[in-house]
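J.: Pasting a structure here, questions to come.
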Amino acid sequence: MRHFLTLRDLSKDEILEIIDLALQIKQEWQSQTQPLYLERKTLGMVFEKSSTRTRVSFEAGIYQLGGMGIFLSNKDIQLGRGEPIKDTARVISSMLDMVMMRTSDHARIEEFAQYSSVPVINGLSDDYHPVQLMADYMTMVECGISMPHTSNFYPRTQTTQKPIVAYIGDGNNMAHSWLWLCAKLGFELRIASPKGYEPKTHILNQALQEAKHSGAQILVCDNVQVAVSGANVVTTDTWASMGQEDQKQERQKAFKQYCVDSATMTLANKDAIFLHCLPAYREQEVSEEVLEGTQSKVFLEAQNRLHAQKGIMVWLQRQNA
Ligand code: CP
Ligand code: NVA
């Protein structure tokens, strides 16, 4: 059974295959020729945390592919009242074709997948947000910033240079997912985080190990200028993730120097793009000017969630057929 829990579980070729499928699916959607790849398939969507983009893109996505999504909030289902994950997983997977889960501790989704009889997709855990990274990379491809590879569906992927991505801010689920995307595909990633807020050591070490094989270059530092200098992509994320609401004040102090503003962007490559998974907190991790500026691709990135996740669902269905 193939699941989609972290990018660590996929090969470079598989990641690029899904990206290509997503680009194809986007083209079909735009020309209104979308085949019903998942006709009569049912996706369960378990949410143990809030969501706008993930919920809407999965629910609209499965519907547009001919299936349907069932929104399962932990406020409503018995899981939220303490029914064990292993029971929930066995019960709902016996009635569904696929499950998407958003949760806190990553071990929860691993346990769910262990007991599920259908493929499970990680729609965010405390440690990873892999579906977001597929949309982010798809956006990079569309902006002509990607690893040299050929795409049947996007002629602008004929680039010759490895991109440089600068991630500014918290060493959280987004940072960890960038680490794995970089380690798998082989580009350059520079993370600048305040001391004490770096990515988790064991995840960084695993990614560094993988980087030896892929040729990826990874730097973790606390210096925004060093990270951003000459970068092709500048990205950031909230300073306080879901579940860290009580740390907001201390985090605002610790991250004060880590706002991506226009001065930061001038250090990057002149054609650099700005990405953010959203929701964004203006004048905290990013200035209004950068978020709304011409280099910002955040709304293209957000819409690409729809196409990237359709690609993931169709790919998983084919893998497990
Ligand atoms: N980026 C993202 O996952 O957004 P939501 O929390 O709104 O789903
Ligand atoms: N790091 C953020 C991402 C939100 C999409 C969080 O986990 O809350």
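In the structure tokens, each chain is lettered A, B, ... as it comes, each chain's residues begin at 1, and ligands are numbered from 1 in order of appearance.
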To test your reading of the structure, identify every residue in stretch 30-233 of chain A that backbone DSSP assigns to alpha helix (DSSP H), and report it as a PyMOL selection string.
T.: chain A and resi 30+53-64+85-93+106-115+130-142+173-185+201-214+224-228
J.: Tell me, as a list in words, which residues lie within 8 Å of stretch 191-204 of chain A, counting only C-alpha atoms; anything in the same chain fewer than 5 positions away does not count.
T.: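 Listed by chain and then number, they are Ala166, Tyr167, Ile168, Gly169, Asp170, Gly171, Asn172, Ala175, His176, Leu179, Ile218, Leu219, Val220, Cys221, Asp222, Asn223, Val224, Ala227, Ala254, Phe255 and Tyr258 of chain A.
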J.: Go ahead and write the selection's residues with N, CA, C and O atoms as a compact mmCIF listing (two decimals), in the first residue's frame.
T.:
# COMPACT_ATOMS: atom_id res chain seq x y z
N ALA A 166 15.45 30.14 -0.58
CA ALA A 166 15.73 30.66 0.77
C ALA A 166 14.46 30.57 1.60
O ALA A 166 13.44 31.15 1.23
N TYR A 167 14.51 29.82 2.68
CA TYR A 167 13.38 29.70 3.61
C TYR A 167 13.74 30.51 4.86
O TYR A 167 14.73 30.19 5.55
N ILE A 168 12.93 31.51 5.16
CA ILE A 168 13.22 32.41 6.28
C ILE A 168 12.20 32.15 7.39
O ILE A 168 10.99 32.28 7.13
N GLY A 169 12.65 31.82 8.58
CA GLY A 169 11.70 31.74 9.70
C GLY A 169 11.75 30.44 10.47
O GLY A 169 12.82 29.86 10.68
N ASP A 170 10.58 29.99 10.88
CA ASP A 170 10.47 28.89 11.83
C ASP A 170 10.87 27.54 11.22
O ASP A 170 10.42 27.20 10.11
N GLY A 171 11.63 26.76 11.95
CA GLY A 171 12.03 25.43 11.49
C GLY A 171 10.92 24.43 11.72
O GLY A 171 11.09 23.43 12.42
N ASN A 172 9.79 24.66 11.08
CA ASN A 172 8.56 23.90 11.37
C ASN A 172 8.24 22.87 10.27
O ASN A 172 9.12 22.48 9.50
N ALA A 175 9.39 24.02 6.86
CA ALA A 175 10.85 23.93 6.71
C ALA A 175 11.27 22.46 6.51
O ALA A 175 12.09 22.15 5.64
N HIS A 176 10.67 21.56 7.29
CA HIS A 176 11.01 20.14 7.16
C HIS A 176 10.64 19.62 5.77
O HIS A 176 11.35 18.79 5.19
N LEU A 179 13.09 20.76 3.29
CA LEU A 179 14.31 19.96 3.42
C LEU A 179 14.21 18.69 2.59
O LEU A 179 15.12 18.32 1.86
N ILE A 218 22.46 22.01 1.30
CA ILE A 218 21.57 22.48 2.37
C ILE A 218 22.39 23.28 3.38
O ILE A 218 23.44 22.82 3.85
N LEU A 219 21.90 24.46 3.69
CA LEU A 219 22.54 25.30 4.70
C LEU A 219 21.49 25.72 5.72
O LEU A 219 20.41 26.18 5.34
N VAL A 220 21.79 25.55 7.00
CA VAL A 220 20.90 26.08 8.05
C VAL A 220 21.72 27.10 8.84
O VAL A 220 22.81 26.77 9.33
N CYS A 221 21.24 28.34 8.90
CA CYS A 221 21.96 29.39 9.60
C CYS A 221 20.96 30.32 10.29
O CYS A 221 19.76 30.05 10.27
N ASP A 222 21.46 31.40 10.89
CA ASP A 222 20.52 32.36 11.50
C ASP A 222 20.59 33.71 10.81
O ASP A 222 20.09 34.70 11.32
N ASN A 223 21.21 33.74 9.63
CA ASN A 223 21.47 35.00 8.95
C ASN A 223 20.61 35.13 7.68
O ASN A 223 20.85 34.45 6.69
N VAL A 224 19.65 36.03 7.72
CA VAL A 224 18.72 36.19 6.59
C VAL A 224 19.47 36.60 5.33
O VAL A 224 19.21 36.08 4.24
N ALA A 227 21.18 33.73 3.66
CA ALA A 227 20.22 32.80 3.05
C ALA A 227 19.63 33.36 1.76
O ALA A 227 19.48 32.65 0.76
N ALA A 254 11.34 36.68 19.29
CA ALA A 254 12.47 35.90 18.75
C ALA A 254 12.63 36.08 17.23
O ALA A 254 13.74 36.03 16.71
N PHE A 255 11.50 36.29 16.53
CA PHE A 255 11.53 36.33 15.06
C PHE A 255 11.56 37.75 14.49
O PHE A 255 11.51 37.93 13.27
N TYR A 258 13.18 38.63 11.30
CA TYR A 258 12.99 37.63 10.25
C TYR A 258 11.79 37.91 9.35
O TYR A 258 11.24 37.00 8.74
J.: Give me the residues within 6 Å of stretch 115-128 of chain A as number ranges by chain, counting only C-alpha atoms and dropping any in the same chain fewer than 4 places off.
T.: A: 3-5, 86, 89-90, 93, 97-106, 173, 177
J.: Would you mind exporting the chosen residues as a compact mmCIF listing (two decimals), in the first residue's frame, restricted to C-alpha atoms?
T.:
# COMPACT_ATOMS: atom_id res chain seq x y z
CA HIS A 3 0.57 6.35 1.18
CA PHE A 4 1.59 10.01 0.88
CA LEU A 5 2.80 10.89 4.37
CA LYS A 86 -6.68 2.27 15.03
CA ALA A 89 -8.85 3.93 10.61
CA ARG A 90 -10.14 0.37 10.20
CA SER A 93 -11.12 2.90 5.40
CA ASP A 97 -11.28 4.69 -1.38
CA MET A 98 -8.80 7.17 0.10
CA VAL A 99 -8.29 9.20 3.27
CA MET A 100 -6.71 12.62 3.81
CA MET A 101 -5.79 13.48 7.37
CA ARG A 102 -4.68 16.73 9.04
CA THR A 103 -3.39 16.17 12.53
CA SER A 104 -0.95 17.31 15.23
CA ASP A 105 1.61 14.67 16.20
CA HIS A 106 2.97 13.02 13.04
CA ASN A 173 6.54 21.50 9.20
CA SER A 177 9.09 19.59 3.94
J.: In Å to one decimal, how far is atom CA of A:Gly69 from atom CA of A:Lys41?
T.: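 Value for the atom CA of A:Lys41-atom CA of A:Gly69 distance: 8.6 Å.
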J.: If you run DSSP over the backbone, which residues in stretch 220-252 of chain A end up strand (DSSP E or B)? Put them as a short mmCIF file (atom, residue, chain, number, x, y, z; two decimals) with C-alpha atoms, in the first residue's frame.
T.:
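Full text of states.cif as output:
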data_model
loop_
_atom_site.label_atom_id
_atom_site.label_comp_id
_atom_site.auth_asym_id
_atom_site.auth_seq_id
_atom_site.Cartn_x
_atom_site.Cartn_y
_atom_site.Cartn_z
CA VAL A 220 20.90 26.08 8.05
CA CYS A 221 21.96 29.39 9.60
CA VAL A 233 12.77 31.65 -4.46
CA VAL A 234 12.20 33.37 -1.13
CA THR A 235 9.67 31.74 1.16
CA THR A 236 8.51 31.91 4.75
#
J.: I'd like to know which of A:Lys12, A:Val131, A:Asp20, A:Ala60 is closest to A:Phe187, using only C-alpha atoms.
T.: A:Lys12
J.: Report as a PDB file with all heavy atoms, in the first residue's frame which protein, DNA and RNA residues come within 8 Å of ligand 1, using only C-alpha atoms and all ligand atoms.
T.:
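Heads up, here's the output in pocket.pdb:
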ATOM      1  N   SER A  50      -7.745  23.318  12.002  1.00  0.00           N
ATOM      2  CA  SER A  50      -8.478  24.174  11.058  1.00  0.00           C
ATOM      3  C   SER A  50      -7.864  24.136   9.664  1.00  0.00           C
ATOM      4  O   SER A  50      -6.688  23.781   9.513  1.00  0.00           O
ATOM      5  CB  SER A  50      -8.425  25.638  11.511  1.00  0.00           C
ATOM      6  OG  SER A  50      -8.894  25.748  12.808  1.00  0.00           O
ATOM      7  N   SER A  51      -8.637  24.551   8.675  1.00  0.00           N
ATOM      8  CA  SER A  51      -8.115  24.636   7.304  1.00  0.00           C
ATOM      9  C   SER A  51      -9.056  25.416   6.407  1.00  0.00           C
ATOM     10  O   SER A  51     -10.273  25.308   6.526  1.00  0.00           O
ATOM     11  CB  SER A  51      -7.947  23.234   6.725  1.00  0.00           C
ATOM     12  OG  SER A  51      -7.722  23.306   5.339  1.00  0.00           O
ATOM     13  N   THR A  52      -8.483  26.174   5.493  1.00  0.00           N
ATOM     14  CA  THR A  52      -9.246  26.759   4.383  1.00  0.00           C
ATOM     15  C   THR A  52      -8.845  26.065   3.080  1.00  0.00           C
ATOM     16  O   THR A  52      -9.631  25.376   2.440  1.00  0.00           O
ATOM     17  CB  THR A  52      -8.968  28.280   4.272  1.00  0.00           C
ATOM     18  OG1 THR A  52      -9.396  28.895   5.477  1.00  0.00           O
ATOM     19  CG2 THR A  52      -9.728  28.897   3.091  1.00  0.00           C
ATOM     20  N   ARG A  53      -7.555  26.239   2.698  1.00  0.00           N
ATOM     21  CA  ARG A  53      -7.060  25.743   1.420  1.00  0.00           C
ATOM     22  C   ARG A  53      -7.129  24.218   1.294  1.00  0.00           C
ATOM     23  O   ARG A  53      -7.559  23.688   0.269  1.00  0.00           O
ATOM     24  CB  ARG A  53      -5.596  26.180   1.201  1.00  0.00           C
ATOM     25  CG  ARG A  53      -5.449  27.595   0.730  1.00  0.00           C
ATOM     26  CD  ARG A  53      -4.234  28.248   1.349  1.00  0.00           C
ATOM     27  NE  ARG A  53      -4.504  28.484   2.753  1.00  0.00           N
ATOM     28  CZ  ARG A  53      -5.013  29.628   3.234  1.00  0.00           C
ATOM     29  NH1 ARG A  53      -5.239  30.623   2.431  1.00  0.00           N
ATOM     30  NH2 ARG A  53      -5.287  29.767   4.522  1.00  0.00           N
ATOM     31  N   THR A  54      -6.680  23.526   2.329  1.00  0.00           N
ATOM     32  CA  THR A  54      -6.585  22.064   2.222  1.00  0.00           C
ATOM     33  C   THR A  54      -7.970  21.455   2.082  1.00  0.00           C
ATOM     34  O   THR A  54      -8.203  20.587   1.238  1.00  0.00           O
ATOM     35  CB  THR A  54      -5.837  21.508   3.451  1.00  0.00           C
ATOM     36  OG1 THR A  54      -4.587  22.194   3.536  1.00  0.00           O
ATOM     37  CG2 THR A  54      -5.600  20.021   3.342  1.00  0.00           C
ATOM     38  N   ARG A  55      -8.895  21.946   2.877  1.00  0.00           N
ATOM     39  CA  ARG A  55     -10.243  21.405   2.790  1.00  0.00           C
ATOM     40  C   ARG A  55     -10.879  21.688   1.425  1.00  0.00           C
ATOM     41  O   ARG A  55     -11.393  20.790   0.762  1.00  0.00           O
ATOM     42  CB  ARG A  55     -11.133  21.987   3.884  1.00  0.00           C
ATOM     43  CG  ARG A  55     -12.485  21.283   3.821  1.00  0.00           C
ATOM     44  CD  ARG A  55     -13.627  22.039   4.337  1.00  0.00           C
ATOM     45  NE  ARG A  55     -14.859  21.355   3.969  1.00  0.00           N
ATOM     46  CZ  ARG A  55     -15.986  21.516   4.603  1.00  0.00           C
ATOM     47  NH1 ARG A  55     -16.053  22.306   5.641  1.00  0.00           N
ATOM     48  NH2 ARG A  55     -17.066  20.889   4.183  1.00  0.00           N
ATOM     49  N   VAL A  56     -10.831  22.944   1.007  1.00  0.00           N
ATOM     50  CA  VAL A  56     -11.519  23.312  -0.241  1.00  0.00           C
ATOM     51  C   VAL A  56     -10.870  22.620  -1.443  1.00  0.00           C
ATOM     52  O   VAL A  56     -11.553  22.103  -2.325  1.00  0.00           O
ATOM     53  CB  VAL A  56     -11.552  24.849  -0.419  1.00  0.00           C
ATOM     54  CG1 VAL A  56     -12.140  25.225  -1.770  1.00  0.00           C
ATOM     55  CG2 VAL A  56     -12.363  25.491   0.706  1.00  0.00           C
ATOM     56  N   GLY A 123      -2.390  15.747   5.067  1.00  0.00           N
ATOM     57  CA  GLY A 123      -2.817  17.116   4.767  1.00  0.00           C
ATOM     58  C   GLY A 123      -2.269  18.116   5.771  1.00  0.00           C
ATOM     59  O   GLY A 123      -2.849  19.186   5.930  1.00  0.00           O
ATOM     60  N   LEU A 124      -1.192  17.784   6.421  1.00  0.00           N
ATOM     61  CA  LEU A 124      -0.417  18.565   7.416  1.00  0.00           C
ATOM     62  C   LEU A 124      -0.384  17.842   8.753  1.00  0.00           C
ATOM     63  O   LEU A 124      -1.416  17.401   9.263  1.00  0.00           O
ATOM     64  CB  LEU A 124      -0.979  19.986   7.629  1.00  0.00           C
ATOM     65  CG  LEU A 124      -0.217  20.926   8.590  1.00  0.00           C
ATOM     66  CD1 LEU A 124      -0.280  22.378   8.120  1.00  0.00           C
ATOM     67  CD2 LEU A 124      -0.744  20.834  10.011  1.00  0.00           C
ATOM     68  N   HIS A 129       4.288  19.018   5.787  1.00  0.00           N
ATOM     69  CA  HIS A 129       3.150  19.470   4.977  1.00  0.00           C
ATOM     70  C   HIS A 129       3.456  19.133   3.497  1.00  0.00           C
ATOM     71  O   HIS A 129       3.642  20.025   2.671  1.00  0.00           O
ATOM     72  CB  HIS A 129       2.942  20.976   5.172  1.00  0.00           C
ATOM     73  CG  HIS A 129       1.597  21.476   4.757  1.00  0.00           C
ATOM     74  ND1 HIS A 129       0.599  20.650   4.261  1.00  0.00           N
ATOM     75  CD2 HIS A 129       1.075  22.735   4.735  1.00  0.00           C
ATOM     76  CE1 HIS A 129      -0.464  21.380   3.985  1.00  0.00           C
ATOM     77  NE2 HIS A 129      -0.209  22.630   4.253  1.00  0.00           N
ATOM     78  N   GLN A 132       1.504  20.571   0.332  1.00  0.00           N
ATOM     79  CA  GLN A 132       1.798  21.992   0.068  1.00  0.00           C
ATOM     80  C   GLN A 132       3.056  22.125  -0.796  1.00  0.00           C
ATOM     81  O   GLN A 132       3.115  22.936  -1.725  1.00  0.00           O
ATOM     82  CB  GLN A 132       2.008  22.720   1.403  1.00  0.00           C
ATOM     83  CG  GLN A 132       2.384  24.178   1.250  1.00  0.00           C
ATOM     84  CD  GLN A 132       1.238  25.031   0.736  1.00  0.00           C
ATOM     85  OE1 GLN A 132       0.162  25.021   1.297  1.00  0.00           O
ATOM     86  NE2 GLN A 132       1.480  25.787  -0.332  1.00  0.00           N
ATOM     87  N   HIS A 276       4.461  31.595  -0.143  1.00  0.00           N
ATOM     88  CA  HIS A 276       4.005  31.461   1.256  1.00  0.00           C
ATOM     89  C   HIS A 276       2.808  30.520   1.215  1.00  0.00           C
ATOM     90  O   HIS A 276       1.882  30.719   0.425  1.00  0.00           O
ATOM     91  CB  HIS A 276       3.598  32.836   1.787  1.00  0.00           C
ATOM     92  CG  HIS A 276       3.324  32.878   3.276  1.00  0.00           C
ATOM     93  ND1 HIS A 276       2.506  31.974   3.932  1.00  0.00           N
ATOM     94  CD2 HIS A 276       3.772  33.733   4.224  1.00  0.00           C
ATOM     95  CE1 HIS A 276       2.471  32.288   5.226  1.00  0.00           C
ATOM     96  NE2 HIS A 276       3.224  33.340   5.429  1.00  0.00           N
ATOM     97  N   CYS A 277       2.808  29.519   2.079  1.00  0.00           N
ATOM     98  CA  CYS A 277       1.725  28.529   2.028  1.00  0.00           C
ATOM     99  C   CYS A 277       0.376  29.141   2.410  1.00  0.00           C
ATOM    100  O   CYS A 277      -0.666  28.607   2.052  1.00  0.00           O
ATOM    101  CB  CYS A 277       2.057  27.341   2.918  1.00  0.00           C
ATOM    102  SG  CYS A 277       2.151  27.727   4.679  1.00  0.00           S
ATOM    103  N   LEU A 278       0.398  30.261   3.149  1.00  0.00           N
ATOM    104  CA  LEU A 278      -0.805  30.931   3.661  1.00  0.00           C
ATOM    105  C   LEU A 278      -1.492  30.033   4.713  1.00  0.00           C
ATOM    106  O   LEU A 278      -1.409  28.829   4.593  1.00  0.00           O
ATOM    107  CB  LEU A 278      -1.788  31.296   2.548  1.00  0.00           C
ATOM    108  CG  LEU A 278      -1.241  32.165   1.398  1.00  0.00           C
ATOM    109  CD1 LEU A 278      -2.362  32.427   0.376  1.00  0.00           C
ATOM    110  CD2 LEU A 278      -0.679  33.493   1.908  1.00  0.00           C
ATOM    111  N   PRO A 279      -2.179  30.568   5.702  1.00  0.00           N
ATOM    112  CA  PRO A 279      -2.449  31.993   5.895  1.00  0.00           C
ATOM    113  C   PRO A 279      -1.198  32.782   6.301  1.00  0.00           C
ATOM    114  O   PRO A 279      -0.340  32.260   7.015  1.00  0.00           O
ATOM    115  CB  PRO A 279      -3.484  32.004   7.028  1.00  0.00           C
ATOM    116  CG  PRO A 279      -3.267  30.729   7.770  1.00  0.00           C
ATOM    117  CD  PRO A 279      -2.797  29.738   6.763  1.00  0.00           C
ATOM    118  N   ALA A 302      -1.513  28.990  -4.109  1.00  0.00           N
ATOM    119  CA  ALA A 302      -2.690  28.473  -3.386  1.00  0.00           C
ATOM    120  C   ALA A 302      -3.602  27.725  -4.348  1.00  0.00           C
ATOM    121  O   ALA A 302      -4.078  26.628  -4.023  1.00  0.00           O
ATOM    122  CB  ALA A 302      -3.438  29.623  -2.720  1.00  0.00           C
TER     123      ALA A 302
END
J.: Just checking: using only C-alpha atoms and all ligand atoms, which residue out of A:Thr238, A:Gln249, A:Thr42, A:Ser151 ends up closest to ligand 2?
T.: A:Thr238
J.: Taking only C-alpha atoms into account, which of A:Val314, A:Ala113, A:Val141, A:Val228 comes nearest A:Gly66?
T.: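 Between A:Val314, A:Ala113, A:Val141, A:Val228, the residue approaching A:Gly66 most closely is A:Val314.
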J.: For each of A:Lys297, A:Cys259, A:Thr266, A:Gly243, take the minimum atom-to-atom distance to ligand 2, counting only C-alpha atoms and all ligand atoms, then give the residue where this is smallest.
T.: A:Gly243
J.: Using only C-alpha atoms, find the one residue out of A:Leu96, A:Met242, A:Ala321, A:Leu306 that sits nearest to A:Phe58.
T.: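 Among the listed residues, A:Leu306 lies closest to A:Phe58.
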J.: Between A:Ala216, A:Leu7, A:Ala280, A:Cys143, which one has atoms that come closest to ligand 2, using only C-alpha atoms and all ligand atoms?
T.: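 The shortest atom-to-atom distance to ligand 2 comes from A:Ala280.
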J.: Provide the atom CA of A:Gly186 to atom CA of A:Gln319 distance in Å, to one decimal place.
T.: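 Separating atom CA of A:Gly186 from atom CA of A:Gln319 is a distance of 24.3 Å.
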J.: For a test of reading the model, state the distance in Å between atom CA of A:Ile85 and atom CA of A:Arg108, rounded to one decimal.
T.: 7.3 Å
